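Peer 1: So here's my_file.tsv, just TSV, C-alpha atoms:
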```
chain	number	residue	atom	x	y	z
E	7	MET	CA	0.00	0.00	0.00
E	8	THR	CA	1.38	3.40	-0.87
E	9	LYS	CA	1.61	6.11	1.79
E	10	LEU	CA	-1.18	7.95	0.01
E	11	LEU	CA	-3.47	4.96	0.29
E	12	GLU	CA	-2.55	4.51	3.95
E	13	TRP	CA	-3.59	8.10	4.58
E	14	VAL	CA	-6.80	7.76	2.59
E	15	PHE	CA	-7.63	4.61	4.51
E	16	GLY	CA	-6.78	6.15	7.88
E	17	VAL	CA	-8.73	9.32	7.18
E	18	SER	CA	-11.73	7.29	5.97
E	19	VAL	CA	-11.80	5.17	9.11
E	20	ILE	CA	-11.55	8.19	11.40
E	21	GLY	CA	-13.99	10.12	9.22
E	22	ALA	CA	-16.51	7.29	9.37
E	23	ALA	CA	-16.20	7.03	13.15
E	24	TRP	CA	-16.68	10.78	13.46
E	25	ALA	CA	-19.72	10.87	11.16
E	26	LEU	CA	-21.20	7.94	13.04
E	27	MET	CA	-20.92	9.73	16.34
E	28	THR	CA	-21.91	13.18	15.20
E	29	PHE	CA	-24.87	12.30	13.03
E	30	ASP	CA	-25.92	9.20	14.92
E	31	LEU	CA	-25.94	7.17	11.74
E	32	LEU	CA	-26.60	3.87	13.42
E	33	ASN	CA	-29.31	5.26	15.64
E	34	LEU	CA	-27.37	4.30	18.72
E	35	ARG	CA	-29.03	7.09	20.73
E	36	LEU	CA	-25.75	8.04	22.36
E	37	PRO	CA	-25.85	10.72	25.04
E	38	VAL	CA	-25.83	14.26	23.65
E	39	ALA	CA	-22.44	14.83	25.28
E	40	TYR	CA	-20.82	12.38	22.82
E	41	LYS	CA	-22.15	14.33	19.87
E	42	GLU	CA	-21.06	17.63	21.32
E	43	VAL	CA	-17.52	16.40	21.83
E	44	ALA	CA	-17.25	14.59	18.52
E	45	TRP	CA	-18.55	17.39	16.32
E	46	PRO	CA	-15.64	19.84	16.62
E	47	MET	CA	-12.98	17.10	16.78
E	48	PRO	CA	-11.70	17.33	13.19
E	49	VAL	CA	-11.01	21.04	13.45
E	50	TYR	CA	-9.65	20.64	16.94
E	51	LEU	CA	-7.26	17.87	15.90
E	52	LEU	CA	-6.07	19.87	12.91
E	53	VAL	CA	-5.32	22.83	15.13
E	54	VAL	CA	-3.48	20.63	17.61
E	55	PHE	CA	-1.47	19.09	14.78
E	56	GLY	CA	-0.72	22.54	13.40
E	57	CYS	CA	0.54	23.78	16.77
E	58	TYR	CA	2.58	20.63	17.32
E	59	SER	CA	4.15	21.01	13.89
E	60	LEU	CA	5.08	24.64	14.44
E	61	ALA	CA	6.52	23.87	17.85
E	62	THR	CA	8.51	20.91	16.56
E	63	VAL	CA	9.96	22.71	13.57
E	64	GLY	CA	10.64	25.78	15.72
E	65	TYR	CA	12.46	23.68	18.29
E	66	ARG	CA	14.47	21.89	15.63
E	67	VAL	CA	15.51	25.14	13.97
E	68	ALA	CA	16.51	26.63	17.31
E	69	THR	CA	18.61	23.62	18.24
E	70	PHE	CA	20.15	23.08	14.82
E	71	ASN	CA	23.86	22.58	15.49
E	72	ASP	CA	26.17	25.21	14.04
E	73	CYS	CA	29.44	23.48	13.31
E	74	GLU	CA	31.89	26.30	13.93
E	75	GLU	CA	34.81	24.00	14.78
E	76	ALA	CA	34.17	21.88	11.71
E	77	SER	CA	34.60	24.89	9.49
E	78	LYS	CA	37.77	26.02	11.24
E	79	GLU	CA	39.24	22.54	11.12
E	80	LEU	CA	38.48	22.35	7.43
E	81	GLN	CA	40.20	25.69	6.76
E	82	ASP	CA	43.32	24.50	8.57
E	83	GLN	CA	43.35	21.20	6.75
E	84	ILE	CA	42.92	22.95	3.41
E	85	LYS	CA	46.11	24.91	4.08
E	86	GLU	CA	47.93	21.76	5.08
E	87	ALA	CA	46.66	19.89	2.05
E	88	LYS	CA	47.63	22.60	-0.41
E	89	GLU	CA	51.14	22.71	1.00
E	90	ASP	CA	51.53	18.94	0.92
E	91	LEU	CA	50.14	18.61	-2.59
E	92	ARG	CA	52.44	21.33	-3.83
E	93	LYS	CA	55.38	19.37	-2.46
E	94	LYS	CA	54.10	16.25	-4.18
E	95	GLY	CA	54.11	18.06	-7.48
E	96	LEU	CA	50.53	19.13	-8.01
E	97	LYS	CA	50.18	22.18	-10.21
E	98	MET	CA	47.05	24.10	-9.24
L	144	MET	CA	42.15	-2.73	19.84
L	145	ALA	CA	45.49	-3.48	18.18
L	146	SER	CA	47.93	-0.59	18.23
L	147	ARG	CA	48.82	0.92	14.94
L	148	LYS	CA	52.53	1.03	14.21
L	149	GLY	CA	52.25	3.36	11.27
L	150	SER	CA	49.66	5.09	9.20
L	151	GLN	CA	49.88	2.62	6.33
L	152	GLN	CA	49.23	-0.58	8.23
L	153	SER	CA	46.69	-2.60	6.34
L	154	ARG	CA	43.88	-4.36	8.18
L	155	GLY	CA	43.79	-7.10	5.58
L	156	ASP	CA	40.26	-8.08	6.49
L	157	GLY	CA	39.03	-8.43	2.95
L	158	ASP	CA	36.73	-5.42	2.82
L	159	LYS	CA	37.41	-2.76	0.25
L	160	TYR	CA	35.70	0.64	0.08
L	161	SER	CA	35.11	2.39	-3.23
L	162	VAL	CA	34.46	6.12	-2.94
L	163	LEU	CA	32.36	7.55	-5.75
L	164	LEU	CA	33.08	11.23	-6.45
L	165	PRO	CA	30.88	12.70	-9.15
L	166	THR	CA	32.45	16.02	-10.12
L	167	TYR	CA	31.47	19.04	-12.13
L	168	ASN	CA	33.78	22.04	-12.04
L	169	GLU	CA	35.64	20.94	-8.93
L	170	ARG	CA	39.13	21.82	-10.06
L	171	GLU	CA	39.91	23.56	-6.78
L	172	ASN	CA	38.24	21.11	-4.43
L	173	LEU	CA	39.12	17.78	-5.98
L	174	PRO	CA	42.76	17.69	-4.84
L	175	LEU	CA	41.67	18.69	-1.34
L	176	ILE	CA	38.98	16.06	-0.97
L	177	VAL	CA	41.31	13.41	-2.37
L	178	TRP	CA	44.06	14.47	0.06
L	179	LEU	CA	41.62	14.18	2.98
L	180	LEU	CA	40.36	10.80	1.79
L	181	VAL	CA	43.89	9.50	1.47
L	182	LYS	CA	44.70	10.84	4.94
L	183	TYR	CA	41.76	9.29	6.77
L	184	PHE	CA	41.70	6.02	4.89
L	185	GLY	CA	45.45	5.75	5.28
L	186	GLU	CA	45.27	6.29	9.03
L	187	SER	CA	42.45	3.80	9.41
L	188	GLY	CA	44.12	1.05	7.43
L	189	TYR	CA	41.06	0.16	5.40
L	190	GLU	CA	41.44	-0.80	1.75
L	191	TYR	CA	40.03	1.82	-0.57
L	192	GLU	CA	39.86	3.30	-4.03
L	193	ILE	CA	38.57	6.68	-5.19
L	194	ILE	CA	36.54	6.80	-8.39
L	195	VAL	CA	36.26	10.23	-9.98
L	196	ILE	CA	33.32	10.59	-12.33
L	197	ASP	CA	33.78	13.88	-14.11
L	198	ASP	CA	31.01	15.09	-16.38
L	199	GLY	CA	33.09	16.95	-18.91
L	200	SER	CA	33.94	19.86	-16.61
L	201	PRO	CA	35.05	22.86	-18.64
L	202	ASP	CA	37.38	24.05	-15.86
L	203	GLY	CA	39.86	21.21	-16.26
L	204	THR	CA	38.82	19.05	-13.32
L	205	LEU	CA	39.77	15.93	-15.26
L	206	GLU	CA	43.26	17.23	-15.84
L	207	VAL	CA	43.71	17.78	-12.11
L	208	ALA	CA	42.35	14.29	-11.52
L	209	GLU	CA	45.00	12.88	-13.83
L	210	GLN	CA	47.71	14.68	-11.85
L	211	LEU	CA	46.31	13.20	-8.65
L	212	GLN	CA	46.40	9.79	-10.26
L	213	LYS	CA	50.12	10.24	-10.91
L	214	ILE	CA	50.71	11.29	-7.32
L	215	TYR	CA	48.66	8.62	-5.56
L	216	GLY	CA	48.67	5.77	-8.02
L	217	GLU	CA	46.23	4.32	-10.51
L	218	ASP	CA	45.13	1.65	-8.07
L	219	LYS	CA	43.94	4.32	-5.65
L	220	ILE	CA	42.54	6.93	-8.04
L	221	LEU	CA	40.33	5.68	-10.85
L	222	LEU	CA	38.95	7.95	-13.52
L	223	ARG	CA	35.58	7.30	-15.12
L	224	PRO	CA	34.84	10.51	-17.00
L	225	ARG	CA	31.74	11.21	-19.07
L	226	ALA	CA	31.21	13.59	-21.93
L	227	LYS	CA	28.66	15.85	-20.33
L	228	LYS	CA	26.53	16.47	-17.27
L	229	LEU	CA	24.24	13.47	-17.11
L	230	GLY	CA	22.86	13.26	-13.60
L	231	LEU	CA	23.70	11.58	-10.35
L	232	GLY	CA	21.96	8.22	-10.72
L	233	THR	CA	23.73	7.41	-13.95
L	234	ALA	CA	27.00	8.69	-12.46
L	235	TYR	CA	26.71	6.11	-9.71
L	236	ILE	CA	25.88	3.37	-12.17
L	237	HIS	CA	28.81	4.37	-14.34
L	238	GLY	CA	31.09	4.61	-11.31
L	239	ILE	CA	30.29	1.25	-9.76
L	240	LYS	CA	30.67	-0.66	-13.00
L	241	HIS	CA	34.36	-1.19	-12.49
L	242	ALA	CA	34.50	-0.61	-8.75
L	243	ARG	CA	36.48	-3.28	-6.97
L	244	GLY	CA	35.17	-2.57	-3.50
L	245	ASN	CA	32.43	-4.55	-1.81
L	246	TYR	CA	31.28	-1.33	-0.11
L	247	VAL	CA	30.65	2.02	-1.74
L	248	PHE	CA	30.78	5.53	-0.27
L	249	ILE	CA	28.92	8.31	-1.96
L	250	MET	CA	29.70	11.87	-1.02
L	251	ASP	CA	30.00	15.39	-2.37
L	252	ALA	CA	33.31	16.49	-3.84
L	253	ASP	CA	32.95	20.11	-2.75
L	254	LEU	CA	34.24	19.60	0.81
L	255	SER	CA	30.80	19.93	2.38
L	256	HIS	CA	31.26	16.32	3.49
L	257	HIS	CA	34.37	15.58	5.54
L	258	PRO	CA	36.22	12.29	5.16
L	259	LYS	CA	36.98	12.25	8.87
L	260	PHE	CA	33.59	10.60	9.34
L	261	ILE	CA	34.51	7.65	7.15
L	262	PRO	CA	35.87	5.49	9.98
L	263	GLU	CA	32.64	6.20	11.90
L	264	PHE	CA	30.53	5.08	8.97
L	265	ILE	CA	32.53	1.88	8.71
L	266	LYS	CA	32.33	1.23	12.44
L	267	LYS	CA	28.58	1.78	12.42
L	268	GLN	CA	28.10	-0.48	9.44
L	269	ARG	CA	30.05	-3.28	11.10
L	270	GLU	CA	28.20	-2.82	14.39
L	271	GLY	CA	24.83	-3.56	12.87
L	272	GLY	CA	25.67	-5.20	9.56
L	273	TYR	CA	23.66	-2.42	7.93
L	274	ASP	CA	22.87	-2.46	4.25
L	275	LEU	CA	23.29	1.27	4.20
L	276	VAL	CA	24.58	3.91	6.59
L	277	SER	CA	23.30	7.43	6.15
L	278	GLY	CA	25.05	10.57	7.35
L	279	THR	CA	22.61	12.78	9.21
L	280	ARG	CA	22.77	16.49	9.89
L	281	TYR	CA	19.71	16.38	12.10
L	282	ARG	CA	20.63	14.01	14.94
L	283	GLY	CA	23.27	13.74	17.63
L	284	ASP	CA	26.24	16.01	16.92
L	285	GLY	CA	25.21	16.35	13.33
L	286	GLY	CA	24.86	19.90	12.10
L	287	VAL	CA	25.61	22.49	9.49
L	288	TYR	CA	27.99	25.41	9.12
L	289	GLY	CA	27.15	28.43	7.04
L	290	TRP	CA	23.36	28.36	6.99
L	291	ASP	CA	21.27	31.37	7.91
L	292	LEU	CA	17.92	31.21	9.67
L	293	ARG	CA	15.94	31.08	6.42
L	294	ARG	CA	17.93	28.14	5.12
L	295	LYS	CA	17.63	26.25	8.42
L	296	LEU	CA	13.90	26.88	8.51
L	297	ILE	CA	13.41	25.57	4.99
L	298	SER	CA	15.57	22.55	5.71
L	299	ARG	CA	13.84	21.56	8.94
L	300	GLY	CA	10.42	22.41	7.55
L	301	ALA	CA	10.92	20.30	4.43
L	302	ASN	CA	12.34	17.46	6.50
L	303	TYR	CA	9.35	17.60	8.84
L	304	VAL	CA	6.86	17.43	5.97
L	305	THR	CA	8.83	14.50	4.54
L	306	GLN	CA	8.80	12.68	7.87
L	307	VAL	CA	5.04	13.13	8.26
L	308	LEU	CA	4.20	12.04	4.73
L	309	LEU	CA	6.73	9.27	4.17
L	310	ARG	CA	7.65	8.06	7.69
L	311	PRO	CA	10.92	6.86	6.21
L	312	GLY	CA	12.75	5.64	9.31
L	313	ALA	CA	15.75	7.87	8.65
L	314	SER	CA	16.25	11.39	9.95
L	315	ASP	CA	18.06	12.95	6.97
L	316	LEU	CA	16.67	12.02	3.58
L	317	THR	CA	18.24	14.57	1.33
L	318	GLY	CA	21.74	13.98	2.61
L	319	SER	CA	24.21	12.48	0.15
L	320	PHE	CA	27.00	11.25	2.40
L	321	ARG	CA	26.30	7.55	2.64
L	322	LEU	CA	27.87	4.11	2.77
L	323	TYR	CA	26.20	1.30	0.86
L	324	LYS	CA	26.92	-2.37	0.40
L	325	LYS	CA	27.77	-2.51	-3.27
L	326	GLU	CA	24.95	-4.83	-4.28
L	327	VAL	CA	22.47	-2.70	-2.32
L	328	LEU	CA	23.54	0.45	-4.17
L	329	GLU	CA	23.26	-1.35	-7.48
L	330	SER	CA	19.78	-2.63	-6.80
L	331	LEU	CA	18.55	0.75	-5.53
L	332	VAL	CA	20.00	2.93	-8.27
L	333	GLU	CA	18.32	0.92	-11.00
L	334	ARG	CA	14.95	1.41	-9.31
L	335	CYS	CA	15.15	5.15	-8.71
L	336	VAL	CA	13.80	7.60	-11.23
L	337	SER	CA	13.88	10.99	-9.51
L	338	LYS	CA	16.38	13.82	-9.89
L	339	GLY	CA	18.27	16.08	-7.54
L	340	TYR	CA	17.35	16.14	-3.84
L	341	VAL	CA	14.48	13.79	-4.43
L	342	PHE	CA	16.79	11.13	-5.87
L	343	GLN	CA	18.54	10.76	-2.52
L	344	MET	CA	15.16	10.62	-0.79
L	345	GLU	CA	13.92	7.98	-3.16
L	346	MET	CA	16.98	5.83	-2.48
L	347	ILE	CA	16.11	5.69	1.22
L	348	VAL	CA	12.42	5.12	0.60
L	349	ARG	CA	13.11	2.26	-1.82
L	350	ALA	CA	15.63	0.83	0.63
L	351	ARG	CA	12.86	0.64	3.24
L	352	GLN	CA	10.52	-0.93	0.73
L	353	LEU	CA	13.06	-3.64	0.04
L	354	ASN	CA	13.58	-4.13	3.78
L	355	TYR	CA	17.20	-3.04	3.75
L	356	THR	CA	18.55	-2.03	7.14
L	357	ILE	CA	19.62	1.56	7.63
L	358	GLY	CA	22.08	2.93	10.19
L	359	GLU	CA	22.86	6.58	10.90
L	360	VAL	CA	25.98	8.56	11.72
L	361	PRO	CA	25.85	12.25	12.71
L	362	ILE	CA	27.92	14.37	10.34
L	363	SER	CA	28.79	18.02	10.01
L	364	PHE	CA	28.00	19.67	6.70
L	365	VAL	CA	30.12	22.71	5.85
L	366	ASP	CA	28.41	24.85	3.26
L	367	ARG	CA	31.05	26.97	1.61
L	368	VAL	CA	29.05	28.51	-1.15
L	369	TYR	CA	28.48	31.80	0.58
L	370	GLY	CA	26.15	34.38	-0.79
L	371	GLU	CA	24.67	32.15	-3.44
L	372	SER	CA	21.13	31.16	-2.79
L	373	LYS	CA	21.18	27.51	-3.76
L	374	LEU	CA	17.68	27.12	-2.54
L	375	GLY	CA	15.35	29.27	-4.59
L	376	GLY	CA	11.67	28.94	-5.35
L	377	ASN	CA	12.32	26.55	-8.21
L	378	GLU	CA	14.14	24.04	-6.07
L	379	ILE	CA	11.44	24.15	-3.43
L	380	VAL	CA	8.71	23.55	-5.99
L	381	SER	CA	10.49	20.64	-7.60
L	382	PHE	CA	11.22	19.21	-4.15
L	383	LEU	CA	7.53	19.31	-3.26
L	384	LYS	CA	6.55	17.77	-6.57
L	385	GLY	CA	9.06	14.99	-6.03
L	386	LEU	CA	7.89	14.45	-2.47
L	387	LEU	CA	4.27	14.18	-3.51
L	388	THR	CA	5.21	11.75	-6.26
L	389	LEU	CA	6.97	9.53	-3.74
L	390	PHE	CA	4.01	9.89	-1.40
L	391	ALA	CA	1.63	8.71	-4.08
L	392	THR	CA	3.74	5.95	-5.55
L	393	THR	CA	5.58	4.24	-2.70
```
Go through the file and emit its structure as structure tokens.
Peer 2:
Amino acid sequence: MTKLLEWVFGVSVIGAAWALMTFDLLNLRLPVAYKEVAWPMPVYLLVVFGCYSLATVGYRVATFNDCEEASKELQDQIKEAKEDLRKKGLKM
Amino acid sequence: MASRKGSQQSRGDGDKYSVLLPTYNERENLPLIVWLLVKYFGESGYEYEIIVIDDGSPDGTLEVAEQLQKIYGEDKILLRPRAKKLGLGTAYIHGIKHARGNYVFIMDADLSHHPKFIPEFIKKQREGGYDLVSGTRYRGDGGVYGWDLRRKLISRGANYVTQVLLRPGASDLTGSFRLYKKEVLESLVERCVSKGYVFQMEMIVRARQLNYTIGEVPISFVDRVYGESKLGGNEIVSFLKGLLTLFATT
């Protein structure tokens, strides 16, 4: 199953459960409280997901390692390499 | 751990590592990356060869490669040039055709990837017998030098979207510093059809599909192309198109 199909399947299952609860499709005569909670769930979950995503990406950007030493080390090694290669006969 | 008497002591354990270096206009960087590869492989004692796949660079990269071959030997530096710029997937295919290693490293020739991580890749691969080991900028001590806030935001944002949609089981999908078992690389490259960033993503996704095991090693990525915006609107659009294609087809 492709990821797209997994999503379609997952969304359908959740969507069906939600519709069932909200519109009482099976005439289960659930307490009104169930309907009231279920009804706004899709929007609520989307908002929660949106906030989680922003927080996660924000955190990851803030903690993205800046490799200062790696750059310095590379600069030093470039000098060393150029010198050594020159000795070995490389014409740049 | 046995003590090393000198930097050229061979481990003689039968494994050989081929390093594929696709190049285009890397006249300045090629000698440097080769020098670093020779240094770190030499110190580690692993058997290796470096395969330079130059796509007809107009700046004379091939000529520099030939000089390097004279300096380091034709058994260490192999040249597999091509007439013109033909893309990464075919460069790998072309490069591995005559590779004598049973493991293959792929990496960038512009010094953004540092050969000092090579022994770590090999150690990781041996630890878990992994089919492929991916260098990650997003975990552990992995990181980047030379990126501004905008670039970091785009990178992390794109990676997040990719993780949500593809759940690939690897933290860095667009990275191109990797170690593959040779037969694994061969089987993956022939299945992948994307270009650019998405090609590297597709390799990991297909690897998961085929149940290959993937290990990770944190790496530092030093971006030296200052001032040039390598990530414009066009790249972002084609990335998203590629991502959605993978989402719909794998």
Peer 1: Please find the residues of chain E near chain L - the criterion being any atom within 10 Å, counting all atoms listed in the file - and write them as a VMD selection string.
Peer 2: chain E and resid 7 to 13 59 to 60 62 to 78 80 83 to 88 90 to 91 94 to 98
Peer 1: Distance CA of Val247 in chain L-CA of Lys324 in chain L, one decimal place?
Peer 2: 6.1 Å
Peer 1: Would you mind reading off the distance between CA of Gly230 in chain L and CA of Gly318 in chain L, one decimal, in Å?
Peer 2: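 Going from CA of Gly230 in chain L over to CA of Gly318 in chain L, I get 16.3 Å.
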Peer 1: Just want the 10 Å neighbourhood of Met250 in chain L, counted on all atoms listed in the file, with same-chain residues fewer than 3 positions away dropped. Output as a PyMOL selection string.
Peer 2: chain L and resi 162-165+247+253-258+278+318-322
Peer 1: Quote the spacing between CA of Glu192 in chain L and CA of Glu209 in chain L in Å to one decimal place.
Peer 2: 14.6 Å
